[in-house]
file upload-v4.tsv (TSV, C-alpha atoms)
chain	number	residue	atom	x	y	z
A	23	MET	CA	-182.80	176.29	-42.17
A	24	ILE	CA	-183.86	176.71	-38.52
A	25	LYS	CA	-185.32	173.17	-38.56
A	26	LYS	CA	-182.02	171.77	-39.92
A	27	LEU	CA	-180.01	173.62	-37.26
A	28	LEU	CA	-182.39	172.39	-34.55
A	29	LEU	CA	-182.11	168.79	-35.80
A	30	PHE	CA	-178.30	169.07	-35.89
A	31	PHE	CA	-178.32	170.45	-32.31
A	32	ILE	CA	-180.55	167.59	-31.07
A	33	ILE	CA	-178.33	164.94	-32.76
A	34	SER	CA	-175.16	166.57	-31.35
A	35	LEU	CA	-176.72	166.68	-27.88
A	36	PHE	CA	-177.72	162.99	-28.14
A	37	ILE	CA	-174.19	161.97	-29.16
A	38	PHE	CA	-172.70	164.09	-26.35
A	39	GLU	CA	-175.08	162.55	-23.78
A	40	LYS	CA	-174.35	159.05	-25.09
A	41	SER	CA	-170.61	159.71	-24.79
A	42	LEU	CA	-171.07	161.00	-21.23
A	43	SER	CA	-173.19	157.93	-20.40
A	44	GLU	CA	-170.58	155.53	-21.83
A	45	ASN	CA	-167.79	157.30	-19.91
A	46	SER	CA	-169.90	157.18	-16.75
A	47	ASP	CA	-170.46	153.42	-17.19
A	48	LEU	CA	-166.73	152.93	-17.75
A	49	TYR	CA	-165.81	154.84	-14.57
A	50	LYS	CA	-168.38	152.78	-12.64
A	51	LYS	CA	-166.69	149.59	-13.90
A	52	ILE	CA	-163.26	150.92	-12.87
A	53	ASP	CA	-164.64	151.71	-9.39
A	54	LEU	CA	-166.15	148.21	-9.28
A	55	PHE	CA	-162.78	146.67	-10.18
A	56	GLY	CA	-161.14	148.62	-7.35
A	57	GLU	CA	-163.84	147.43	-4.94
A	58	VAL	CA	-163.36	143.77	-5.98
A	59	LEU	CA	-159.58	144.07	-5.59
A	60	GLU	CA	-160.03	145.56	-2.12
A	61	LYS	CA	-162.42	142.74	-1.09
A	62	ILE	CA	-159.92	140.11	-2.31
A	63	ASN	CA	-157.08	141.71	-0.35
A	64	LYS	CA	-159.18	141.87	2.84
A	65	GLU	CA	-161.25	138.69	2.67
A	66	TYR	CA	-159.41	136.07	0.56
A	67	VAL	CA	-158.24	133.05	2.56
A	68	ASP	CA	-154.54	133.50	1.64
A	69	GLU	CA	-152.43	136.63	1.38
A	70	VAL	CA	-152.48	137.95	-2.20
A	71	ASP	CA	-149.61	139.49	-4.17
A	72	GLN	CA	-151.31	142.63	-5.52
A	73	SER	CA	-148.77	143.04	-8.32
A	74	LYS	CA	-149.47	139.52	-9.62
A	75	SER	CA	-153.20	140.14	-9.31
A	76	MET	CA	-152.93	143.19	-11.53
A	77	ASP	CA	-150.81	141.29	-14.08
A	78	ALA	CA	-153.47	138.56	-14.15
A	79	ALA	CA	-156.23	141.14	-14.61
A	80	ILE	CA	-154.42	142.80	-17.52
A	81	ASN	CA	-153.77	139.42	-19.12
A	82	GLY	CA	-157.40	138.39	-18.57
A	83	LEU	CA	-158.55	141.50	-20.42
A	84	LEU	CA	-156.29	140.74	-23.39
A	85	GLN	CA	-157.17	137.04	-23.54
A	86	SER	CA	-160.88	137.88	-23.51
A	87	LEU	CA	-160.28	139.44	-26.96
A	88	ASP	CA	-158.87	136.30	-28.63
A	89	PRO	CA	-156.53	133.36	-27.85
A	90	TYR	CA	-153.46	135.12	-29.29
A	91	SER	CA	-153.50	138.46	-27.45
A	92	ALA	CA	-151.60	138.40	-24.14
A	93	TYR	CA	-149.67	140.43	-21.58
A	94	MET	CA	-145.96	139.88	-21.10
A	95	THR	CA	-144.32	140.94	-17.86
A	96	PRO	CA	-140.82	142.47	-18.20
A	97	GLU	CA	-139.37	139.02	-17.40
A	98	SER	CA	-141.47	137.11	-19.95
A	99	PHE	CA	-140.89	139.82	-22.60
A	100	GLU	CA	-137.14	139.45	-22.12
A	101	GLY	CA	-137.51	135.67	-22.43
A	102	MET	CA	-139.52	136.05	-25.66
A	103	GLN	CA	-136.80	138.28	-27.16
A	104	THR	CA	-134.19	135.64	-26.28
A	105	GLU	CA	-136.26	132.89	-27.92
A	106	THR	CA	-136.76	134.77	-31.19
A	107	SER	CA	-132.98	134.97	-31.60
A	108	GLY	CA	-133.17	131.34	-32.79
A	109	LYS	CA	-131.29	129.73	-29.87
A	110	PHE	CA	-132.93	129.16	-26.50
A	111	GLY	CA	-133.50	126.65	-23.71
A	112	GLY	CA	-136.84	124.86	-23.61
A	113	LEU	CA	-139.02	122.04	-24.91
A	114	GLY	CA	-139.56	123.16	-28.51
A	115	ILE	CA	-143.34	123.59	-28.73
A	116	GLU	CA	-145.58	126.35	-29.99
A	117	VAL	CA	-148.67	126.65	-27.79
A	118	GLY	CA	-151.94	128.57	-27.86
A	119	MET	CA	-155.12	128.85	-25.81
A	120	GLU	CA	-158.48	127.23	-26.58
A	121	ALA	CA	-161.48	127.49	-24.25
A	122	GLY	CA	-159.21	128.09	-21.27
A	123	VAL	CA	-156.96	125.11	-22.05
A	124	VAL	CA	-153.36	125.22	-23.30
A	125	LYS	CA	-153.20	123.59	-26.72
A	126	VAL	CA	-150.15	122.48	-28.69
A	127	ILE	CA	-150.11	124.25	-32.05
A	128	SER	CA	-146.98	122.45	-33.16
A	129	PRO	CA	-143.90	120.68	-31.81
A	130	ILE	CA	-140.71	121.85	-33.55
A	131	ASP	CA	-138.70	119.18	-35.40
A	132	ASN	CA	-135.83	117.49	-33.52
A	133	THR	CA	-136.60	119.16	-30.20
A	134	PRO	CA	-137.27	117.45	-26.83
A	135	ALA	CA	-141.05	117.79	-27.29
A	136	SER	CA	-141.15	116.21	-30.77
A	137	LYS	CA	-138.74	113.42	-29.74
A	138	ALA	CA	-140.88	112.63	-26.69
A	139	GLY	CA	-143.99	112.27	-28.85
A	140	ILE	CA	-145.94	115.48	-28.20
A	141	LYS	CA	-148.31	116.10	-31.14
A	142	ALA	CA	-150.12	119.07	-32.67
A	143	GLY	CA	-153.60	119.29	-31.14
A	144	ASP	CA	-152.60	117.84	-27.75
A	145	TYR	CA	-154.15	119.61	-24.74
A	146	ILE	CA	-151.74	120.22	-21.85
A	147	VAL	CA	-153.67	119.62	-18.61
A	148	LYS	CA	-150.85	119.37	-16.06
A	149	ILE	CA	-147.27	120.63	-15.80
A	150	ASN	CA	-145.33	118.92	-13.00
A	151	ASN	CA	-148.68	117.95	-11.40
A	152	VAL	CA	-149.88	121.57	-11.45
A	153	GLN	CA	-153.33	121.92	-13.07
A	154	VAL	CA	-153.10	124.23	-16.10
A	155	GLN	CA	-156.80	124.87	-16.69
A	156	GLY	CA	-157.73	128.31	-15.41
A	157	LYS	CA	-154.20	129.65	-15.75
A	158	SER	CA	-153.21	132.17	-18.42
A	159	LEU	CA	-151.13	131.11	-21.43
A	160	MET	CA	-148.14	133.10	-20.13
A	161	ASP	CA	-148.44	131.38	-16.71
A	162	ALA	CA	-148.37	127.99	-18.43
A	163	VAL	CA	-145.36	129.00	-20.56
A	164	ASP	CA	-143.56	130.19	-17.42
A	165	LEU	CA	-144.20	126.79	-15.79
A	166	MET	CA	-142.63	125.06	-18.80
A	167	ARG	CA	-139.51	127.22	-18.70
A	168	GLY	CA	-136.51	126.08	-16.71
A	169	ALA	CA	-132.79	125.45	-16.70
A	170	VAL	CA	-131.27	123.52	-19.58
A	171	GLY	CA	-130.82	119.90	-18.49
A	172	SER	CA	-133.70	119.99	-16.01
A	173	SER	CA	-136.67	117.69	-16.53
A	174	ILE	CA	-140.39	118.38	-16.64
A	175	GLU	CA	-143.47	116.16	-16.53
A	176	ILE	CA	-146.28	117.13	-18.88
A	177	THR	CA	-149.71	115.48	-18.84
A	178	VAL	CA	-151.75	115.79	-22.04
A	179	ARG	CA	-155.14	114.76	-23.37
A	180	ARG	CA	-155.22	113.65	-27.01
A	181	ARG	CA	-158.17	113.33	-29.37
A	182	GLY	CA	-159.17	109.68	-29.78
A	183	VAL	CA	-157.19	108.53	-26.70
A	184	LYS	CA	-159.22	107.78	-23.55
A	185	LYS	CA	-156.45	108.04	-20.95
A	186	SER	CA	-154.19	110.98	-20.23
A	187	LEU	CA	-150.65	110.68	-21.60
A	188	ILE	CA	-147.66	111.57	-19.42
A	189	PHE	CA	-144.36	112.73	-20.93
A	190	ASN	CA	-141.12	113.25	-19.03
A	191	ILE	CA	-139.02	115.68	-21.05
A	192	THR	CA	-135.55	117.14	-20.46
A	193	ARG	CA	-135.10	120.77	-21.47
A	194	GLU	CA	-132.42	121.47	-24.06
A	195	ILE	CA	-130.92	124.36	-25.99
A	196	ILE	CA	-133.27	124.78	-28.96
A	197	GLN	CA	-131.52	125.59	-32.22
A	198	VAL	CA	-134.00	125.83	-35.04
A	199	GLN	CA	-132.81	125.03	-38.56
A	200	SER	CA	-135.80	126.05	-40.60
A	201	VAL	CA	-135.02	124.44	-44.00
A	202	LYS	CA	-133.98	120.88	-44.85
A	203	SER	CA	-133.87	119.34	-48.30
A	204	GLU	CA	-133.00	116.16	-50.14
A	205	LEU	CA	-133.43	114.44	-53.48
A	206	ILE	CA	-135.82	111.48	-53.14
A	207	ASP	CA	-135.87	108.61	-55.66
A	208	ASN	CA	-133.42	110.64	-57.74
A	209	ASN	CA	-136.26	112.68	-59.24
A	210	VAL	CA	-138.23	114.50	-56.50
A	211	GLY	CA	-137.00	117.58	-54.67
A	212	TYR	CA	-138.15	117.39	-51.04
A	213	ILE	CA	-137.99	120.61	-49.00
A	214	ARG	CA	-139.12	120.71	-45.36
A	215	LEU	CA	-139.73	124.12	-43.83
A	216	THR	CA	-140.18	124.05	-40.04
A	217	SER	CA	-140.60	127.80	-39.34
A	218	PHE	CA	-140.55	131.17	-41.08
A	219	ASN	CA	-137.52	133.01	-39.72
A	220	GLU	CA	-135.34	135.75	-41.21
A	221	ASN	CA	-133.27	133.40	-43.38
A	222	SER	CA	-135.93	130.91	-44.52
A	223	SER	CA	-136.56	132.35	-48.01
A	224	LYS	CA	-132.83	132.64	-48.73
A	225	GLN	CA	-132.27	129.02	-47.67
A	226	ILE	CA	-135.21	127.75	-49.76
A	227	LYS	CA	-133.94	129.58	-52.85
A	228	GLU	CA	-130.49	128.04	-52.40
A	229	LYS	CA	-131.96	124.53	-51.95
A	230	VAL	CA	-134.21	124.85	-55.03
A	231	ASN	CA	-131.35	126.15	-57.19
A	232	LYS	CA	-129.25	123.17	-56.13
A	233	LEU	CA	-132.05	120.64	-56.78
A	234	ASN	CA	-132.83	122.25	-60.17
A	235	LYS	CA	-129.44	121.02	-61.45
A	236	ASN	CA	-130.78	117.46	-61.53
A	237	LYS	CA	-131.96	116.77	-65.11
A	238	ASP	CA	-134.36	113.99	-64.01
A	239	LEU	CA	-136.24	116.20	-61.57
A	240	LYS	CA	-140.03	115.69	-61.93
A	241	GLY	CA	-141.27	118.07	-59.29
A	242	TYR	CA	-141.16	119.33	-55.72
A	243	ILE	CA	-142.73	118.50	-52.38
A	244	LEU	CA	-142.88	121.44	-49.95
A	245	ASP	CA	-143.47	120.06	-46.45
A	246	LEU	CA	-145.16	122.58	-44.12
A	247	ARG	CA	-146.45	120.07	-41.58
A	248	ASN	CA	-146.03	121.11	-37.93
A	249	ASN	CA	-144.82	124.53	-39.09
A	250	PRO	CA	-146.35	127.04	-36.62
A	251	GLY	CA	-145.53	130.05	-38.81
A	252	GLY	CA	-143.37	133.10	-38.20
A	253	LEU	CA	-142.60	136.17	-40.26
A	254	LEU	CA	-145.23	137.39	-42.74
A	255	SER	CA	-142.51	138.81	-45.01
A	256	GLN	CA	-141.01	135.33	-45.40
A	257	ALA	CA	-144.39	133.76	-46.21
A	258	ILE	CA	-144.85	136.34	-48.99
A	259	ARG	CA	-141.36	135.79	-50.46
A	260	ILE	CA	-141.65	132.00	-50.37
A	261	SER	CA	-145.11	132.07	-52.01
A	262	ASP	CA	-143.70	134.40	-54.67
A	263	PHE	CA	-140.98	131.87	-55.54
A	264	PHE	CA	-143.62	129.54	-57.00
A	265	LEU	CA	-145.98	132.09	-58.60
A	266	GLU	CA	-145.78	134.15	-61.79
A	267	ASN	CA	-148.32	136.79	-60.76
A	268	GLY	CA	-151.45	137.47	-58.73
A	269	GLU	CA	-152.33	138.30	-55.16
A	270	ILE	CA	-150.61	136.36	-52.38
A	271	VAL	CA	-152.33	137.64	-49.24
A	272	SER	CA	-154.10	140.69	-47.84
A	273	THR	CA	-154.64	142.05	-44.35
A	274	LYS	CA	-157.70	143.90	-43.06
A	275	SER	CA	-157.82	145.96	-39.88
A	276	ARG	CA	-159.69	148.75	-38.12
A	277	LYS	CA	-156.78	151.00	-39.12
A	278	VAL	CA	-156.76	151.88	-42.82
A	279	SER	CA	-152.93	151.89	-42.70
A	280	GLU	CA	-152.99	148.15	-41.84
A	281	ASN	CA	-155.16	147.25	-44.87
A	282	ARG	CA	-152.61	145.92	-47.35
A	283	LYS	CA	-152.26	143.56	-50.30
A	284	TRP	CA	-149.16	141.73	-51.53
A	285	PHE	CA	-148.69	140.48	-55.10
A	286	ALA	CA	-146.33	138.01	-56.75
A	287	LYS	CA	-143.66	139.17	-59.17
A	288	LYS	CA	-142.93	137.35	-62.41
A	289	GLY	CA	-140.57	134.41	-62.11
A	290	ASP	CA	-141.17	130.86	-60.81
A	291	ILE	CA	-137.82	129.53	-59.52
A	292	THR	CA	-138.93	125.92	-60.17
A	293	ASN	CA	-139.70	126.72	-63.85
A	294	GLY	CA	-143.29	125.53	-63.41
A	295	LYS	CA	-142.48	122.02	-62.19
A	296	ILE	CA	-145.19	120.05	-60.36
A	297	LEU	CA	-145.54	121.16	-56.74
A	298	ILE	CA	-147.19	119.30	-53.87
A	299	VAL	CA	-147.57	121.02	-50.48
A	300	LEU	CA	-147.98	118.91	-47.35
A	301	ILE	CA	-149.98	120.37	-44.44
A	302	ASN	CA	-151.49	119.11	-41.18
A	303	TYR	CA	-153.16	120.43	-38.04
A	304	GLY	CA	-149.79	121.81	-36.90
A	305	SER	CA	-149.49	124.04	-40.00
A	306	ALA	CA	-150.44	127.54	-38.84
A	307	SER	CA	-150.25	131.24	-39.69
A	308	ALA	CA	-147.50	131.83	-42.30
A	309	SER	CA	-147.76	128.15	-43.39
A	310	GLU	CA	-151.43	128.68	-44.13
A	311	ILE	CA	-150.70	131.82	-46.14
A	312	VAL	CA	-148.29	129.89	-48.41
A	313	ALA	CA	-150.53	126.83	-48.75
A	314	GLY	CA	-153.65	128.97	-49.27
A	315	ALA	CA	-152.07	131.23	-51.91
A	316	LEU	CA	-150.67	128.29	-53.88
A	317	LYS	CA	-154.02	126.48	-53.67
A	318	ASP	CA	-156.08	129.50	-54.76
A	319	HIS	CA	-153.82	130.06	-57.78
A	320	LYS	CA	-153.96	126.31	-58.59
A	321	ARG	CA	-150.16	126.29	-58.53
A	322	ALA	CA	-149.87	123.39	-56.09
A	323	ILE	CA	-151.74	120.30	-54.94
A	324	ILE	CA	-152.37	120.59	-51.20
A	325	LEU	CA	-152.18	117.21	-49.49
A	326	GLY	CA	-152.62	116.04	-45.89
A	327	GLU	CA	-154.96	117.33	-43.18
A	328	ASN	CA	-156.81	120.59	-42.52
A	329	SER	CA	-154.50	123.27	-41.16
A	330	TYR	CA	-154.78	124.97	-37.75
A	331	GLY	CA	-156.71	128.14	-38.63
A	332	LYS	CA	-154.61	130.98	-37.22
A	333	GLY	CA	-155.34	133.81	-39.61
A	334	SER	CA	-154.51	136.84	-37.50
A	335	VAL	CA	-151.63	139.31	-37.30
A	336	GLN	CA	-150.12	140.00	-33.87
A	337	SER	CA	-148.00	143.03	-33.02
A	338	ILE	CA	-145.66	143.16	-30.01
A	339	ILE	CA	-146.21	146.55	-28.37
A	340	PRO	CA	-143.66	147.51	-25.66
A	341	LEU	CA	-144.96	149.15	-22.46
A	342	GLU	CA	-143.44	151.71	-20.10
A	343	ASN	CA	-142.78	149.04	-17.43
A	344	ARG	CA	-140.46	147.22	-19.93
A	345	GLY	CA	-143.09	144.56	-20.46
A	346	ALA	CA	-145.24	144.31	-23.59
A	347	ILE	CA	-148.59	143.23	-24.98
A	348	ARG	CA	-149.10	140.89	-27.89
A	349	LEU	CA	-152.15	142.35	-29.64
A	350	THR	CA	-154.09	141.16	-32.70
A	351	ILE	CA	-154.14	144.11	-35.11
A	352	ALA	CA	-155.37	142.55	-38.38
A	353	LYS	CA	-156.61	139.38	-40.09
A	354	TYR	CA	-155.18	137.57	-43.10
A	355	TYR	CA	-157.25	136.94	-46.21
A	356	LEU	CA	-156.37	134.56	-49.05
A	357	PRO	CA	-156.52	135.59	-52.75
A	358	SER	CA	-160.03	134.07	-52.88
A	359	GLY	CA	-161.12	136.56	-50.21
A	360	LYS	CA	-161.55	133.81	-47.60
A	361	SER	CA	-160.29	134.23	-44.06
A	362	ILE	CA	-158.06	131.56	-42.51
A	363	SER	CA	-159.22	132.34	-38.95
A	364	GLU	CA	-160.67	129.28	-37.20
A	365	VAL	CA	-161.20	127.63	-40.61
A	366	GLY	CA	-157.71	126.88	-41.89
A	367	VAL	CA	-156.76	125.56	-45.31
A	368	THR	CA	-158.53	122.43	-46.55
A	369	PRO	CA	-156.31	120.03	-48.52
A	370	ASP	CA	-157.19	119.07	-52.11
A	371	ILE	CA	-156.41	115.48	-51.15
A	372	GLU	CA	-157.05	114.45	-47.55
A	373	VAL	CA	-154.57	111.92	-46.18
A	374	ILE	CA	-154.72	111.30	-42.40
A	375	GLU	CA	-151.68	110.17	-40.39
A	376	SER	CA	-151.80	106.38	-40.49
A	377	SER	CA	-150.54	105.23	-37.08
A	378	GLU	CA	-149.10	106.09	-33.66
A	379	ASN	CA	-145.66	105.19	-35.08
A	380	PHE	CA	-146.00	107.94	-37.70
A	381	LYS	CA	-142.76	109.84	-38.24
A	382	PHE	CA	-141.98	112.54	-40.81
A	383	ASN	CA	-139.92	111.49	-43.83
A	384	SER	CA	-139.77	107.82	-42.86
A	385	GLU	CA	-141.35	104.53	-43.97
A	386	THR	CA	-144.34	105.28	-41.70
A	387	ASP	CA	-144.95	108.70	-43.32
A	388	ASN	CA	-148.00	107.72	-45.40
A	389	GLN	CA	-148.65	111.36	-46.38
A	390	LEU	CA	-145.22	111.81	-47.96
A	391	ASN	CA	-145.41	108.33	-49.54
A	392	PHE	CA	-148.78	109.26	-51.10
A	393	ALA	CA	-147.27	112.47	-52.50
A	394	LEU	CA	-144.33	110.56	-53.98
A	395	LYS	CA	-146.67	108.06	-55.70
A	396	LEU	CA	-148.71	110.97	-57.05
A	397	LEU	CA	-145.61	112.60	-58.54
A	398	ASN	CA	-144.27	109.39	-60.03
A	399	GLY	CA	-147.62	108.45	-61.57

call {"tool": "encode", "arguments": {"input": "upload-v4.tsv", "output": "structure tokens"}}
result
Amino acid sequence: MIKKLLLFFIISLFIFEKSLSENSDLYKKIDLFGEVLEKINKEYVDEVDQSKSMDAAINGLLQSLDPYSAYMTPESFEGMQTETSGKFGGLGIEVGMEAGVVKVISPIDNTPASKAGIKAGDYIVKINNVQVQGKSLMDAVDLMRGAVGSSIEITVRRRGVKKSLIFNITREIIQVQSVKSELIDNNVGYIRLTSFNENSSKQIKEKVNKLNKNKDLKGYILDLRNNPGGLLSQAIRISDFFLENGEIVSTKSRKVSENRKWFAKKGDITNGKILIVLINYGSASASEIVAGALKDHKRAIILGENSYGKGSVQSIIPLENRGAIRLTIAKYYLPSGKSISEVGVTPDIEVIESSENFKFNSETDNQLNFALKLLNG
């Protein structure tokens, strides 16, 4: 008994000393940070705004975790809240960070960016001749913001293109209509979903119910290309529309309360008709959940290009200064148990965009044309 008590005491003492050592190291780092800040303020060639320096330090800490965590100043947080209302001024692109470079996740349909020719996967290197590399994502976003009607010059590098591409774009009011549909060849229901907002599932259900009235309907094409994602709840509902049962998605986190699984309820609103899902590099997050769930359950044929690979859950956490942090709190996992993070969803049938003149739902859309031929045998 005495030996056990002695062993317990030694272990407890070791843990206590380790904790003290870790705290001591942390305080040394905090002192070091203060010293560096003081040296910058005294020695740097130009006068430094200390408030901006602190904002940059906080953002640097968050972005060292992953490309999706970031700090929002009170001004940028207010701007984000305005944008999520569904009507805002801007270019119409979803951007992320990769190896210190701002990368286009997806241009939104019928916005200035998509009309100008910005593509998913483009790297933004300059904004109005200001070098972007080395700046934070929020700094780059702030540079792209401006008054409606004002113009902006964006320089991008594109895979497979040797020279930089320059785009002059005029900012507009962005009004996102997330669901479009039509009957193609009198027998295929085509539904394009451009984002997952609060009304997306309701709109899709209405469109499917309308298309179902056509007696010659062979099947559906769900177009998720250049869809950067959105609300998880909408991804779950939309996946459920096409499934009879089974797991849709799960999340895993350090917090047990964030470990969850979602399952489909009985009832396929298409009555089991053939379903083809189109994806590309601009399909991210919620798009990948839908495509991945339908692929794993063998409910749909996934066609196009590998998706982006954003398989993480971000939470917006308000701060006392009226700003906020966007923090990754969990990761998504498909029914197969695979993570989407940095891997994405691989199509069953790979069809690469055919040309520079490629345009969605047009004669040059070889991916959609391939899907139509597949459906019509």

call {"tool": "residues_around", "arguments": {"input": "upload-v4.tsv", "residues": "Pro250 (chain A)", "least_positions_apart": "4", "cutoff": "6 Å", "atoms": "only C-alpha atoms", "output": "mmCIF file with C-alpha atoms, in the coordinates of the input"}}
result
data_model
loop_
_atom_site.group_PDB
_atom_site.id
_atom_site.type_symbol
_atom_site.label_atom_id
_atom_site.label_comp_id
_atom_site.auth_asym_id
_atom_site.auth_seq_id
_atom_site.Cartn_x
_atom_site.Cartn_y
_atom_site.Cartn_z
ATOM 1 C CA SER A 128 -146.980 122.450 -33.160
ATOM 2 C CA SER A 305 -149.490 124.040 -40.000
ATOM 3 C CA ALA A 306 -150.440 127.540 -38.840
#

call {"tool": "closest_residue", "arguments": {"input": "upload-v4.tsv", "among": "A:Leu246, A:Ala352, A:Val58, A:Ala79", "to": "Glu280 (chain A)", "atoms": "all atoms listed in the file"}}
result
A:Ala352

call {"tool": "closest_residue", "arguments": {"input": "upload-v4.tsv", "among": "A:Ser86, A:Phe99, A:Lys137, A:Phe392", "to": "Gly122 (chain A)", "atoms": "all atoms listed in the file"}}
result
A:Ser86

call {"tool": "closest_residue", "arguments": {"input": "upload-v4.tsv", "among": "A:Gln85, A:Gln199, A:Gln153, A:Thr133", "to": "Thr177 (chain A)", "atoms": "only C-alpha atoms"}}
result
A:Gln153

call {"tool": "atom_distance", "arguments": {"input": "upload-v4.tsv", "atom1": "CA of Met76 (chain A)", "atom2": "CA of Leu48 (chain A)"}}
result
18.0 Å

call {"tool": "residues_around", "arguments": {"input": "upload-v4.tsv", "residues": "Ala313 (chain A)", "least_positions_apart": "3", "cutoff": "7 Å", "atoms": "only C-alpha atoms", "output": "PyMOL selection string"}}
result
chain A and resi 299+309-310+316-317+324

call {"tool": "residues_around", "arguments": {"input": "upload-v4.tsv", "residues": "Ser98 (chain A)", "least_positions_apart": "6", "cutoff": "8 Å", "atoms": "all atoms listed in the file", "output": "PDB file with C-alpha atoms, in the coordinates of the input"}}
result
ATOM      1  CA  MET A 160    -148.140 133.100 -20.130  1.00  0.00           C
ATOM      2  CA  ASP A 164    -143.560 130.190 -17.420  1.00  0.00           C
ATOM      3  CA  GLY A 345    -143.090 144.560 -20.460  1.00  0.00           C
TER       4      GLY A 345
END

call {"tool": "atom_distance", "arguments": {"input": "upload-v4.tsv", "atom1": "CA of Glu175 (chain A)", "atom2": "CA of Lys381 (chain A)"}}
result
22.6 Å

call {"tool": "closest_residue", "arguments": {"input": "upload-v4.tsv", "among": "A:Ser73, A:Ser200, A:Asn383, A:Asn281", "to": "Ser223 (chain A)", "atoms": "all atoms listed in the file"}}
result
A:Ser200

call {"tool": "decode", "arguments": {"input": "upload-v4.tsv", "residues": "region 351-364 of chain A", "atoms": "N, CA, C and O atoms", "output": "PDB file, in the first residue's frame"}}
result
ATOM      1  N   ILE A 351     -13.593  23.561 -35.734  1.00  0.00           N
ATOM      2  CA  ILE A 351     -13.947  22.848 -34.501  1.00  0.00           C
ATOM      3  C   ILE A 351     -14.156  21.347 -34.716  1.00  0.00           C
ATOM      4  O   ILE A 351     -14.227  20.581 -33.761  1.00  0.00           O
ATOM      5  N   ALA A 352     -14.271  20.918 -35.991  1.00  0.00           N
ATOM      6  CA  ALA A 352     -14.495  19.490 -36.263  1.00  0.00           C
ATOM      7  C   ALA A 352     -14.163  19.183 -37.715  1.00  0.00           C
ATOM      8  O   ALA A 352     -13.951  20.097 -38.521  1.00  0.00           O
ATOM      9  N   LYS A 353     -14.109  17.890 -38.039  1.00  0.00           N
ATOM     10  CA  LYS A 353     -13.908  17.455 -39.421  1.00  0.00           C
ATOM     11  C   LYS A 353     -15.063  16.567 -39.853  1.00  0.00           C
ATOM     12  O   LYS A 353     -15.639  15.849 -39.049  1.00  0.00           O
ATOM     13  N   TYR A 354     -15.383  16.664 -41.162  1.00  0.00           N
ATOM     14  CA  TYR A 354     -16.441  15.833 -41.740  1.00  0.00           C
ATOM     15  C   TYR A 354     -15.887  14.465 -42.124  1.00  0.00           C
ATOM     16  O   TYR A 354     -14.749  14.364 -42.598  1.00  0.00           O
ATOM     17  N   TYR A 355     -16.728  13.462 -41.981  1.00  0.00           N
ATOM     18  CA  TYR A 355     -16.371  12.114 -42.458  1.00  0.00           C
ATOM     19  C   TYR A 355     -17.546  11.542 -43.242  1.00  0.00           C
ATOM     20  O   TYR A 355     -18.708  11.675 -42.832  1.00  0.00           O
ATOM     21  N   LEU A 356     -17.250  10.935 -44.367  1.00  0.00           N
ATOM     22  CA  LEU A 356     -18.272  10.339 -45.233  1.00  0.00           C
ATOM     23  C   LEU A 356     -18.757   9.021 -44.635  1.00  0.00           C
ATOM     24  O   LEU A 356     -18.137   8.474 -43.726  1.00  0.00           O
ATOM     25  N   PRO A 357     -19.873   8.465 -45.139  1.00  0.00           N
ATOM     26  CA  PRO A 357     -20.380   7.180 -44.628  1.00  0.00           C
ATOM     27  C   PRO A 357     -19.331   6.062 -44.648  1.00  0.00           C
ATOM     28  O   PRO A 357     -19.339   5.195 -43.783  1.00  0.00           O
ATOM     29  N   SER A 358     -18.398   6.135 -45.603  1.00  0.00           N
ATOM     30  CA  SER A 358     -17.340   5.119 -45.700  1.00  0.00           C
ATOM     31  C   SER A 358     -16.303   5.266 -44.595  1.00  0.00           C
ATOM     32  O   SER A 358     -15.456   4.397 -44.411  1.00  0.00           O
ATOM     33  N   GLY A 359     -16.364   6.365 -43.851  1.00  0.00           N
ATOM     34  CA  GLY A 359     -15.384   6.637 -42.805  1.00  0.00           C
ATOM     35  C   GLY A 359     -14.219   7.480 -43.292  1.00  0.00           C
ATOM     36  O   GLY A 359     -13.353   7.871 -42.514  1.00  0.00           O
ATOM     37  N   LYS A 360     -14.204   7.803 -44.587  1.00  0.00           N
ATOM     38  CA  LYS A 360     -13.121   8.601 -45.160  1.00  0.00           C
ATOM     39  C   LYS A 360     -13.322  10.086 -44.861  1.00  0.00           C
ATOM     40  O   LYS A 360     -14.446  10.574 -44.829  1.00  0.00           O
ATOM     41  N   SER A 361     -12.213  10.774 -44.681  1.00  0.00           N
ATOM     42  CA  SER A 361     -12.249  12.226 -44.494  1.00  0.00           C
ATOM     43  C   SER A 361     -12.154  12.904 -45.855  1.00  0.00           C
ATOM     44  O   SER A 361     -11.485  12.394 -46.769  1.00  0.00           O
ATOM     45  N   ILE A 362     -12.806  14.056 -45.983  1.00  0.00           N
ATOM     46  CA  ILE A 362     -12.746  14.826 -47.230  1.00  0.00           C
ATOM     47  C   ILE A 362     -11.523  15.741 -47.234  1.00  0.00           C
ATOM     48  O   ILE A 362     -11.029  16.126 -48.278  1.00  0.00           O
ATOM     49  N   SER A 363     -11.023  16.081 -46.048  1.00  0.00           N
ATOM     50  CA  SER A 363      -9.955  17.080 -45.903  1.00  0.00           C
ATOM     51  C   SER A 363      -8.755  16.797 -46.790  1.00  0.00           C
ATOM     52  O   SER A 363      -8.149  15.725 -46.719  1.00  0.00           O
ATOM     53  N   GLU A 364      -8.448  17.789 -47.642  1.00  0.00           N
ATOM     54  CA  GLU A 364      -7.286  17.773 -48.531  1.00  0.00           C
ATOM     55  C   GLU A 364      -7.288  16.618 -49.530  1.00  0.00           C
ATOM     56  O   GLU A 364      -6.308  16.409 -50.245  1.00  0.00           O
TER      57      GLU A 364
END
